[in-house]
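Here is the structure we will look at.
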Amino acid sequence: MKQSEDLINKISLLSEEEQEIGKKLLEYIDMKQYSNSRMEELVKSDIREIVWKEDLE
Amino acid sequence: MILNKIELSNFRQFYGQQEIIFAKDERNITVILGAENGSGKTGIFRALIFSLFGEVQIAQDNPTDSLHIVNLKALNENDGGPTESWVSIEFKDGNQTYQLKRSITAIKRNKIDEKISGVELRYTDEFGNFSPETITDEYEIQEIIESIITADTKDFFFFDGEQIDTLAKTDSDVKKEVKNGIIKLLKIDELEKAIDVLSALSRNERSRITSESKNLDLTNKQNEIETIEEKIKELTRLKSQRENEQLILNNKINQLQEDFDQNSEVNDLIEKRNNIEDKVKIKQQLVSTNKDVIKDTLLDHGVNLLLSDQYIDVNNYLDQVAADQDDLVSITAINKTLNDQKCVICGNDLDSSKQHRHNVELLKNNFKSDDLSPLIAMIQGTITDFQQNQNENESKIENSLIVFNEVKEDLEQEKIRLENLNNRIKTLALTEENLADLQEELESKIKELGSLKDQNYYDEEEINRLVKNQVKASKEFETLMGQNKSLKLDQEVLKFVDKLEDEFTNIFGEYSNDMRIRLSDEATNIFKKLISRNDRDLISQININDKYEIEVIGWDGINITPDISQGQRHIVSLSFITALSRVAIKNFKDRSFPLFMDTPFGRISGENRDQLINNIPKLTSQWILLVTDTELTREEEKAFKETNKLGHWYRLNKVEKYHSEVEEMHVNSSIATRG
């Protein structure tokens, strides 16, 4: 993924979890392999995982 | 992206196989001279676009024209049988080198049919070796090329110099193109897409949770949110449509205002024309008076004037005739002498000399009257009268003629002026009636624009109000959801999605703002380097505004985009493109873009050409120029050589019709043929 340093800097100001999801989402977009609905599914499951983990902790 | 080389086989004018190696690194200028028409200058440009994107047409083509790619000489030699043409390019992007080859096959029967017959891409592995595998899937290749240079942004780097100035024009299509270029090249579009995905996810999640929960309150709240969202969406769509209308209306108003100004110029011209017409009338009267004077004088004296030389002879002759008469002394004189008793001729007193009286009486008795005498007296009297007034009449006619000529000449001049004025009026405009219509239209458009602006203001207020309601309803939705323990996980996920969407929206705003500012500064710096000294102070800033439009700001801080010259527009566009690639390079360290220009100097003046030749090689990684002989005179050749950046020097030779060849020249050799 070729993101600009500036953009990466701005994203790095987000919370760790948000960064993780945000970067993944941008990667899905960059790969151009997924339809929008598939990307929604992927992001949702990524977020669920984080929320689960937090809940367990 | 750095272009290494291009190979062509039977492509357009190029018969057989030809190769061009592109200059890079320290000496990064490649000049390709196509002096003759039809030598294939644009064919090289077309070959590059064809190989990268499979496009046969380029921006400068008339879309309705059909053109053939396969070389016609080769096709004819093959008796119209299947003949293949191909273009292969080699380029580097990041650490990888790519080889892309695209072929097209033609068959000639009644007409020529062409079909793209294959595409192959190979690239190097991490050790710099070409992979043995060749990618032949068009879609896959397109994906790879798009990740390097998108078809949307290619026009910024591969372009026709004669059309590039359109970038700095003010119409709506161009603005869209500029916006698109910036967004794609700086990858802001990916961020935009991420926001879209998150927003859709949030919406769909809400709907799903609501329908699964079977909770009436939650369903109602969700419906309320959806209604608000629909309204916001519709209002935003209307607002953007109205903004577009505003843009069109603004252009129309400018155009009408221009027409109107031109027509007020017409009013001045009409007034001028009326004055001239009055003058013409007076002069025409003067001409006619003079004509009358000449006519009358000629009628009265013309015959005499014609005969003036004859009159001298006639007078002499008549004197002789009179002398031959017996009546040397007239009967009147004789009678008067006898009555007065004093000779009317010599003054002798008859009373004192009987002899004298007798002589006179003898004369009277002997007097024999002659019929010719009164006629001779009359003619001679007329001739004398004429001779006495001859000079006066002659100068009267001469003076009248002089005045007549002068006035006539003036009149001709005035008539020419009148004709010119009439032509100018015709080209400018319109009758007074139309002028009134124009003014009316202008006023109505200004009113229309005002009401559009008002409407947009109200829409914006309404959107703000709806957004507040939406936030409130969303909070209420969350509270309702919070009361339902089984939805806890879903609620957390939704919160996360919404928060991330907000964060991304903020990042998008900040990032695109930063990029615009950086782009504006970079474009201004480059512009100052490229523009001639004289114009440098006239333009203070190239600005990319929040709607991604290029604005040119004058020395006094006023937006002068519509008023700059074509040459300046060209340099503004070049500065913007170069700035765009530099900003992109800074952001994505392994990115670089060649500047490939067909007819680069078209409207650019001498000093500005020198500025470009000196500075562009320092600003871009690779500069490839396709030039005509009028663009590459000895002056430009000298300037190129002085940069010490000239890497490759090519000449396209037209051998015969449908047969051009590429000839590489030594960089020190002389190539320009003009100036």
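So you can find residues: chains in the structure tokens are A, B, ... in the order shown, residues in each start at 1, and ligands are numbered from 1 in order.
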
Name all residues at most 9 Å from stretch 77-86 of chain B (count only C-alpha atoms; drop same-chain ones fewer than 3 positions away) and give them as an NGL selection string. :B and (7-12 or 47 or 51 or 69-74 or 101-109 or 112 or 117)

Nearby residues (only C-alpha atoms) at most 10 Å from A:Leu7, same-chain spacing under 4 positions excluded, as a PyMOL selection string: (chain A and resi 3+11-12) or (chain B and resi 186-188+191+507-508+510-512+587)

Could those selected residues go to a file with N, CA and C atoms, as a PDB file, in the first residue's frame?
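Everything below was put into selection_8.pdb:
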ATOM      1  N   GLN A   3       0.731   4.634   0.782  1.00  0.00           N
ATOM      2  CA  GLN A   3       0.061   5.797   1.370  1.00  0.00           C
ATOM      3  C   GLN A   3       1.089   6.889   1.619  1.00  0.00           C
ATOM      4  N   ILE A  11      -3.230   9.319  10.329  1.00  0.00           N
ATOM      5  CA  ILE A  11      -3.924   8.110  10.791  1.00  0.00           C
ATOM      6  C   ILE A  11      -3.332   7.630  12.124  1.00  0.00           C
ATOM      7  N   SER A  12      -2.017   7.878  12.284  1.00  0.00           N
ATOM      8  CA  SER A  12      -1.369   7.398  13.511  1.00  0.00           C
ATOM      9  C   SER A  12      -1.828   8.166  14.749  1.00  0.00           C
TER      10      SER A  12
ATOM     11  N   LEU B 186      -3.050  12.053  -5.575  1.00  0.00           N
ATOM     12  CA  LEU B 186      -2.628  12.124  -4.179  1.00  0.00           C
ATOM     13  C   LEU B 186      -3.317  11.061  -3.325  1.00  0.00           C
ATOM     14  N   LYS B 187      -4.044  10.179  -4.017  1.00  0.00           N
ATOM     15  CA  LYS B 187      -4.707   9.046  -3.360  1.00  0.00           C
ATOM     16  C   LYS B 187      -5.738   9.484  -2.329  1.00  0.00           C
ATOM     17  N   ILE B 188      -6.247  10.680  -2.497  1.00  0.00           N
ATOM     18  CA  ILE B 188      -7.297  11.122  -1.579  1.00  0.00           C
ATOM     19  C   ILE B 188      -8.557  10.326  -1.871  1.00  0.00           C
ATOM     20  N   LEU B 191      -9.207   7.512   0.480  1.00  0.00           N
ATOM     21  CA  LEU B 191      -9.736   7.954   1.766  1.00  0.00           C
ATOM     22  C   LEU B 191     -11.236   8.224   1.643  1.00  0.00           C
ATOM     23  N   ILE B 507      -9.797  13.534   8.931  1.00  0.00           N
ATOM     24  CA  ILE B 507      -8.492  13.338   8.291  1.00  0.00           C
ATOM     25  C   ILE B 507      -8.572  13.763   6.823  1.00  0.00           C
ATOM     26  N   PHE B 508      -9.685  13.356   6.183  1.00  0.00           N
ATOM     27  CA  PHE B 508      -9.870  13.700   4.768  1.00  0.00           C
ATOM     28  C   PHE B 508      -9.805  15.219   4.577  1.00  0.00           C
ATOM     29  N   GLU B 510      -8.512  17.550   6.612  1.00  0.00           N
ATOM     30  CA  GLU B 510      -7.189  18.104   6.928  1.00  0.00           C
ATOM     31  C   GLU B 510      -6.170  17.756   5.846  1.00  0.00           C
ATOM     32  N   TYR B 511      -6.206  16.470   5.435  1.00  0.00           N
ATOM     33  CA  TYR B 511      -5.201  16.011   4.469  1.00  0.00           C
ATOM     34  C   TYR B 511      -5.367  16.718   3.127  1.00  0.00           C
ATOM     35  N   SER B 512      -6.633  16.801   2.652  1.00  0.00           N
ATOM     36  CA  SER B 512      -6.813  17.423   1.339  1.00  0.00           C
ATOM     37  C   SER B 512      -6.513  18.917   1.415  1.00  0.00           C
ATOM     38  N   ASN B 587       5.139  12.774  -1.454  1.00  0.00           N
ATOM     39  CA  ASN B 587       4.274  11.983  -0.599  1.00  0.00           C
ATOM     40  C   ASN B 587       4.533  10.497  -0.714  1.00  0.00           C
TER      41      ASN B 587
END

Could you give me, as a PyMOL selection string, each residue of chain A that DSSP assigns to helix (DSSP H, G or I) when run on this structure's backbone? chain A and resi 5-11+16-31+36-56

Output as a ChimeraX atom specification the set of chain A residues within 6 Å of chain B, with distances taken over only C-alpha atoms. /A:4-5,40

Hey, what's within 7 Å of B:Ile531 if we count only C-alpha atoms and toss same-chain stuff fewer than 5 positions away? As a PDB file with N, CA, C and O atoms, in the first residue's frame, please?
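Listed below is the output, result.pdb:
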ATOM      1  N   ARG B 536       6.681  38.032 -14.229  1.00  0.00           N
ATOM      2  CA  ARG B 536       6.834  37.424 -12.905  1.00  0.00           C
ATOM      3  C   ARG B 536       6.084  38.208 -11.825  1.00  0.00           C
ATOM      4  O   ARG B 536       5.445  37.639 -10.959  1.00  0.00           O
ATOM      5  N   ILE B 571       1.744  28.226 -19.301  1.00  0.00           N
ATOM      6  CA  ILE B 571       2.767  28.086 -18.252  1.00  0.00           C
ATOM      7  C   ILE B 571       2.114  27.790 -16.904  1.00  0.00           C
ATOM      8  O   ILE B 571       2.648  27.009 -16.113  1.00  0.00           O
ATOM      9  N   ASN B 608      10.131  32.816 -22.564  1.00  0.00           N
ATOM     10  CA  ASN B 608       9.502  31.772 -21.758  1.00  0.00           C
ATOM     11  C   ASN B 608       9.990  30.389 -22.160  1.00  0.00           C
ATOM     12  O   ASN B 608      10.130  29.499 -21.328  1.00  0.00           O
ATOM     13  N   GLN B 611      13.177  29.785 -20.484  1.00  0.00           N
ATOM     14  CA  GLN B 611      12.940  29.509 -19.063  1.00  0.00           C
ATOM     15  C   GLN B 611      12.528  28.045 -18.865  1.00  0.00           C
ATOM     16  O   GLN B 611      13.011  27.375 -17.962  1.00  0.00           O
TER      17      GLN B 611
END

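Among the candidates A:Ile8, A:Met31, A:Leu13, A:Leu25, the one nearest to A:Lys44 when counting only C-alpha atoms is A:Leu25.
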
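Nearest to B:Ile671 of all the residues B:Val407, B:Ile20, B:Leu100, B:Ala35 is B:Ala35, based on only C-alpha atoms.
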
To one decimal place, how far is atom CA of B:Arg122 from atom CA of B:Ala23 in Å? 21.9 Å

Which residues, written as number ranges by chain, have at least one atom at most 12 Å from A:Lys32, with only C-alpha atoms counted and residues fewer than 4 positions away on the same chain left out? A: 1, 25-28, 36, 38-39; B: 139-140, 142-144, 146-147, 190, 193

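Atom CA of B:Ile148 lies 20.4 Å from atom CA of A:Lys23.
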
Hey, can you check how far atom CA of B:Glu226 sits from atom CA of B:Leu452?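 Interatomic distance, atom CA of B:Glu226 to atom CA of B:Leu452: 27.4 Å.
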